[in-house]
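The structure appears below as structure tokens.
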Amino acid sequence: MDVRVCGILVVVLAPFAGAALCGILGRSPSGRRAVVLTTGGVVMLAALSLLGEVPFRLEIPAVLHAPLEIAFFAADAVLLAAFLYIGAKYRHAAILVLSFLQAAGLLVFKGFLARSAGPPGGVVCDALALLLVLIVSVVGSLICFQALPYMDNHERHYRVSPSRQPRFFAILLLFLGAMNGFVLFNDLGSLYVFFELTTLCSFLLIGHDRTHVAVKNALRALWMNSVGGLAFALGMIEAYRSAGTLDLAQALAAPRLEGDAIYFVALALFGLACLVKSAQFPFQGWLLGAMVAPTPVSALLHSSTMVKIGVYFLLRLAPGFPGTFLGQALALAGAFGFLAAAALAVGQSNGKKVLAYSTISNLGLMFACIGVNTGSALLAATLLLTFHAVLKAMLFLSVGAIEQHIESRDIEDMRGLYAAMPLTAMITLAGVVMMIFPPFGVLLGKWMAIEAAARHLPAVVMIALGSALTVLYWARWAGTLLSDPLGTRFHAERQPLLTWLALGSLCLGTAALSVAAPWLVEGGMASIGQPADETAYTVVRGGLESASGSFAVLPLSLAAACGLLLSALALRRASRARPVPPYLSGLQTGEAAVFRGPMQQPVRVAARNYYLDTLFGEERLNPWVNFGGAILLTLILGGVL
Amino acid sequence: MTAGALFVIVALAAGLGIGVISAGFDRILTARLQSRVGPPLLQPVYDVVKLALKEPLIVNAWQAFCACTTLAAAILAWVLFFLQSDLLLVFFVQAVGAVFLVVGALAAASPYSHIGAHRELLQMLAYEPLLILVFIGMYLETGSFRLEALFAWPKPLLLRLPFLFLVLAFALIVKMRKSPFDLSSCHHAHQELVRGVLTDYSGPLLALAEVAHWFEVALILGLFTLFWPDGGVGRFLLPVAAWLGVIAVDNLTSRANWRWMLGCAWGLGLGLAIVNLVWIR
Amino acid sequence: MRALRRFIDRMRAKSPWLLHFDCGSCNGCDIEILACLTPLYDVERFGVVHQGNPLHADLLVASGTVNPRNRKVLENLYAQMPAPKVVVAVGACGLSGGVFRDAYNVVGGIDRVIPVDVYVPGCPPRPEAIIDGVVLGLQKIARGGEGR
């Protein structure tokens with residue numbers, strides 16, 4: 001069989017098969033391990049084998065049309081029935097109403113409108129789809145690998161018996177398949193099924209621990225995402241009404257009339273679905289609640305892949321935006337999300353919440369870029385999507401490892417982490433550095449975003465403010481990791497091999513990808529989004545150059561490597577110098593951070609980070625950001641009518 | 001190759017020179033304003049050489065790493081500026097230095113360092129958006145972020161971007177750690193916070209941080225030259241004027257607290273910047 | 001090599017940063033020490049900067065009597081100063097305990113706790129005398145350079 005067909009079949013179907021096997025063989029730890037490792041490895045290889053093949057389009061053979069249609073319809077019915085069941089079981093009115101509306105809409109659609117929808121649109125694998133497939137397959141599999149030792153620890157710690165891991169890993173693998181299906185299929189009807197499937201996976205995984213909070217937050221995620229699901233369904237119906245087809249590529253290519261309102265209604269509805277899925281304001285609540293899930297879930301669904309659905313789908317739809325009010329509104333909403341989430345992150349001391357807000361913030365920046373919609377802005381969004389996915393996965397996994405070691409996810413408790421877990425602390429620090437500093441990929445994306453958005457004044461002001469806030473909360477965290485008692489020597493602490501595999505490869509991978517960024521751009525990323533009306537960036541001497549600026553990636557990387565080497569030498573030399581306690585008004589004792597207080601009693605120094613909750617606390621900002629988010633959402637929806 | 005190396009050496013010498021003269025004149029001028037004589041012009045050099053040769057005392061070995069990175073980033077940013085690279089890139093590189101100084105201070109388990117470090121972060125919060133908006137203004141006017149193009153721009157940017165000039169001067173006050181924005185390092189009020197962010201850097205590490213600060217100041221002063229086209233006296237006078245203004249403000253104001261600073265930067269500074277950006281658009 | 005050495009010594013002598021510690025004086029000496037920084041005497045002419053931090057200081061200018069409570073502080077501050085460093089004891093109390101030397105809670109002068117390089121007598125000494133003491137201390141730094 002053809003490499004393409006084979007690869008596509010494997011990346012979509014192997015996870016489903018793995019999930020089923022996990023349900024059967026997952027009882028025994030070794031069986032579970034074998035299934036997850038094999039499935040992950042196979043999917044990874046299949047995704048990599050597609051590298052040289054893009055772009056291509058596969059049509060589905062005619063014999064399969066009818067069975068596929070029935071299968072997707074059945075899947076739709078099962079999913080919506082499941083949502084209705086959950087709504088009924090937990091007596092959740094919003095879920096019931098939203099699922100019912102979706103079911104009714106779909107029935108009407110399938111029954112009356114789309115009788116002659118034609119054959120399913122097949123599979124389109126272009127640079128964008130392949131990028132997402134690679135992220136899902138490679139990063140996703142690595143996260144699943146790390147989840148193996150993590151969940152063992154987790155269940156030991158919470159004394160879960162009998163083990164619920166078979167179910168956990170089955171859902172995790174199922175999710176990988178659903179994600180790959182979503183990015184590869186070209187038919188809006190199938191997309192809707194996969195969209196809802198990811199929602200269901202998210203619900204099940206958030207509620208995995210079955211505590212009161214977990215169930216509550218899972219329900220919140222479900223009802224908010226059902227809003228997205230409803231918007232997606234309505235958008236699909238509108239798109240069919242206006243374009244006459246469910247084939248996404250054709251619908252986008254269809255000539256549109258000047259001021260064709262219905263077309264924009266569909267786009268706006270899809271935009272709403274994407275904003276919900278990517279937890280933009282005022283729907284940020286579900287993503288924050290999702291942080292109760294075990295950390296691999298946060299890493300996989302809630303930072304690196306599922307929340308990227310919104311960005312991915314809007315990048316697909318990007319050709320529809322130029323010159324529209326919708327694009328402008330989206331740029332505003334995205335930039336607002338970037339700023340507001342960064343401000344909220346400043347007020348947080350909970351490490352996972354900081355990561356969650358940072359995710360929302362970065363997703364906002366990507367939306368802003370898509371809204372600005374020039375060639376370079378779309379490239380910026382693509383770069384941010386890639387690097388954010390890899391890096392945030394790594395940071396979540398590090399926090400997971402830290403959390404299992406120190407039994408806290410609070411940044412304050414990570415003080416002196418370098419002494420307890422030197423290598424993990426180093427990897428986390430590297431993650432922070434790669435998040436905010438040149439020459440690494442995220443900053444490259446941000447640089448492009450600022451250059452691209454420069455003419456969009458409100459957006460660029462918000463981006464400027466948001467960047468400063470971003471630096472604040474990351475730098476604070478980095479410093480906290482390094483504050484250690486005197487004289488700790490570097491050594492790698494004990495961790496399961498799979499944890500090191502995931503952390504190490506993600507960390508090195510990000511660095512390597514950053515250096516290779518100019519060539520990634522040249523080799524296909526630049527084609528993503530729209531037919532290049534401008535050759536936005538060219539590679540000159542290992543750097544990226546545009547008409548208005550240049551970013552010398554390779555020279556800067558070399559300079560950074562030299563700087564790192566020098567600083568590391570300084571560090572080595574310094575660890576041999578005479579150690580002194582920090583200045584404590586001359587009252588220090590032999591022990592670090594302890595001074596002699598009244599009555600000669602030892603007193604421990606209490607120094608805490610600034611979290612500025614009076615300015616950036618959730619209680620204070622939430623009403624404002626929700627209000628702002630709601631206004632911008634109204635702008636997106638109302639503007640098209 | 002040799003030409004390139006020579007160029008970098010010239011750049012380094014220029015940065016050092018500007019930094020030293022700025023710091024030295026500052027102390028003399030401030031002394032004169034207080035009817036004192038003040039130290040010799042090269043006093044900053046004496047200080048740094050002395051510090052560099054003192055016994056290294058280490059509060060936390062990571063401070064050495066951070067001080068070294070701070071200096072490397074400050075020098076790199078200056079060299080990039082001199083090589084006429086991208087304006088935003090220069091800004092991002094200098095931010096690396098500023099952040100690592102803070103990270104080093106946070107690594108020391110002393111409340112003085114901590115409070116200083118957080119204040120430094122708040123100061124960055126105050127000036128970073130302003131600097132980005134100044135660059136945006138320059139871009140909107142000239143259509144480029146490349147320093148090459150900006151240096152060659154034939155018309156005086158000052159006339160089109162007067163408010164952004166003021167905003168940049170505002171950023172210079174913060175960046176030079178001058179009152180009322182010397183919250184983090186407390187040049188004038190040692191009893192409040194010892195030396196804030198610099199408290200636990202000592203000897204050679206302090207020397208590294210000090211040299212890095214020279215380069216940072218040189219960089220911001222260099223940005224002022226962009227406001228006047230090549231060949232005019234203005235290219236030299238503008239940085240000097242801004243610098244004198246900063247020293248005057250330093251001697252005329254008392255110290256602020258961070259809320260006031262943030263309000264000032266995000267209210268007044270941002271307001272001025274936006275007004276200017278709106279009218280040139 | 002010699003020239004370099006001399007250059008370094010000169011730099012050291014030209015940039016004395018001092019830490020002032022009051023062990024328990026009546027504040028007479030402290031007022032005189034601070035007077036040195038005022039426009040009338042302006043010791044910044046010689047590069048003297050008043051640092052509040054032993055980690056940055058070259059000279060420790062100490063005044064007042066040492067008692068069991070503050071002797072540990074004095075030791076700590078001295079230990080936190082990077083070499084080469086010099087101690088200048090100022091005022092009668094700092095030299096020997098002064099009129100308080102027989103009190104039950106007085107250990108004595110500064111040199112009972114840490115090595116003192118320069119003694120500036122007086123009750124209180126005049127600013128000129130203190131400046132003279134600092135200059136003597138600087139010569140010691142410039143000459144020795146090896147520190148302790």
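Chain labels run A, B, ... following the order of the structure tokens; each chain numbers its residues from 1, and ligands are numbered from 1 in the order shown.
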- Could the residues of chain B within 8 Å of chain C, counting only C-alpha atoms, be given as a ChimeraX atom specification, please? /B:34-40,43,46-47,49-50,54-57,190-191,194-195,199-203
Requested in this report: Would you mind listing what lies within 8 Å of Ile114 in chain C as number ranges by chain, with only C-alpha atoms counted and same-chain residues fewer than 6 positions away left out?
Outcome: C: 74-75, 78
Restricting to only C-alpha atoms, whichever of C:Pro68, C:Pro125, C:Gly94, C:Gly28 is closest to chain A is C:Pro68
Check: What's the 7 Å shell around range 291-293 of chain A, counting only C-alpha atoms, without same-chain residues fewer than 6 positions away, as a PyMOL selection string?
Finding: chain A and resi 205-208+214+352
Quick one: write out the picked residues with N, CA and C atoms as a CSV table (one decimal), in the first residue's frame?
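Below is the file selection_27.csv, written as the result:
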```
chain,number,residue,atom,x,y,z
A,205,LEU,N,-11.4,12.8,31.3
A,205,LEU,CA,-10.1,12.9,32.0
A,205,LEU,C,-10.1,13.9,33.1
A,206,ILE,N,-10.8,15.0,32.9
A,206,ILE,CA,-10.8,15.9,34.0
A,206,ILE,C,-11.4,15.3,35.3
A,207,GLY,N,-12.5,14.5,35.0
A,207,GLY,CA,-13.2,13.9,36.1
A,207,GLY,C,-12.6,12.6,36.6
A,208,HIS,N,-11.4,12.3,36.1
A,208,HIS,CA,-10.8,11.0,36.3
A,208,HIS,C,-10.7,10.6,37.8
A,214,ALA,N,-13.2,17.5,41.1
A,214,ALA,CA,-13.0,17.0,39.8
A,214,ALA,C,-14.2,16.9,39.0
A,352,LYS,N,0.5,25.3,38.3
A,352,LYS,CA,-0.3,24.8,37.2
A,352,LYS,C,-1.2,25.9,36.7
```
Env of Ile436 in chain A: 7 Å cut, atoms = only C-alpha atoms, seq-sep filter 6 positions within chain, self excluded. Answer as a list in words.
Val442, Leu443 and Val471 of chain A
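Residues surrounding range 299-302 of chain A within 7 Å are Gly140, Ile143, Ser202, Leu287, Thr295, Pro296, Val297, Ser304, Thr305, Met306, Val307, Ala393, Phe396 and Leu397 of chain A [only C-alpha atoms; sequence separation below 2 positions excluded].
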Report as an mmCIF file with C-alpha atoms, in the first residue's frame all protein, DNA and RNA residues lying within 6 Å of range 495-503 of chain A, evaluated on only C-alpha atoms, omitting residues in the same chain fewer than 2 positions from it.
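Contents of the output file part.cif:
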```
data_model
loop_
_atom_site.group_PDB
_atom_site.id
_atom_site.type_symbol
_atom_site.label_atom_id
_atom_site.label_comp_id
_atom_site.auth_asym_id
_atom_site.auth_seq_id
_atom_site.Cartn_x
_atom_site.Cartn_y
_atom_site.Cartn_z
ATOM 1 C CA LEU A 142 5.874 11.289 24.720
ATOM 2 C CA GLN A 146 5.581 9.820 30.857
ATOM 3 C CA MET A 394 7.502 19.961 28.728
ATOM 4 C CA SER A 505 13.581 14.907 24.296
ATOM 5 C CA LEU A 506 11.076 17.749 24.570
#
```
Practice prompt. For Cys125 in chain A, work out the shell of residues within 7 Å, counting only C-alpha atoms and skipping chain neighbours fewer than 3 positions away, then give it as a ChimeraX atom specification.
Written response: /A:54-57,129-130,184
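Shortest atom-to-atom contact with Ala149 in chain B among A:Pro29, A:Gly334, A:Gly549, A:Gly509: A:Gly549, counting only C-alpha atoms.
Here is the contact set of chain C against chain A, at 7 Å and counting only C-alpha atoms: Val73, Asn76, Leu77 and Gln80 of chain C.
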Just to be explicit: take each residue in the selection above, keep C-alpha atoms, and write the result as a PDB file, in the first residue's frame.
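Okay, this is what ended up in result16.pdb:
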```pdb
ATOM      1  CA  VAL C  73      27.005  41.277  64.750  1.00  0.00           C
ATOM      2  CA  ASN C  76      29.358  38.693  61.193  1.00  0.00           C
ATOM      3  CA  LEU C  77      29.760  41.971  59.356  1.00  0.00           C
ATOM      4  CA  GLN C  80      30.955  39.178  55.177  1.00  0.00           C
TER       5      GLN C  80
END
```
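Residues of chain A having any atom within 6 Å of chain B, counting only C-alpha atoms, are Ala464, Leu465, Ala468, Leu472, Gly479, Leu482, Ser483, Ser548, Gly549, Ser550, Ser567, Ala570, Leu571, Ala574, Ser575, Arg578, Pro579, Val580, Pro581, Pro582, Ala593 and Ala607 of chain A.
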When DSSP is applied to the backbone of this structure, which of range 6-148 of chain C are assigned strand (DSSP E)? Write them out as an MDAnalysis selection string. chainID C and resid 17:24 49:51 59:64 86:90 118:120
Counting only C-alpha atoms, closest pick from B:Ala3, B:Val174, B:Ile28, B:Leu159 relative to Met261 in chain B is B:Val174
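Distances here use only C-alpha atoms; by that measure, the residue among C:Gly137, C:Gly97, C:Gly91, C:Gly108 closest to Ala62 in chain C is C:Gly91.
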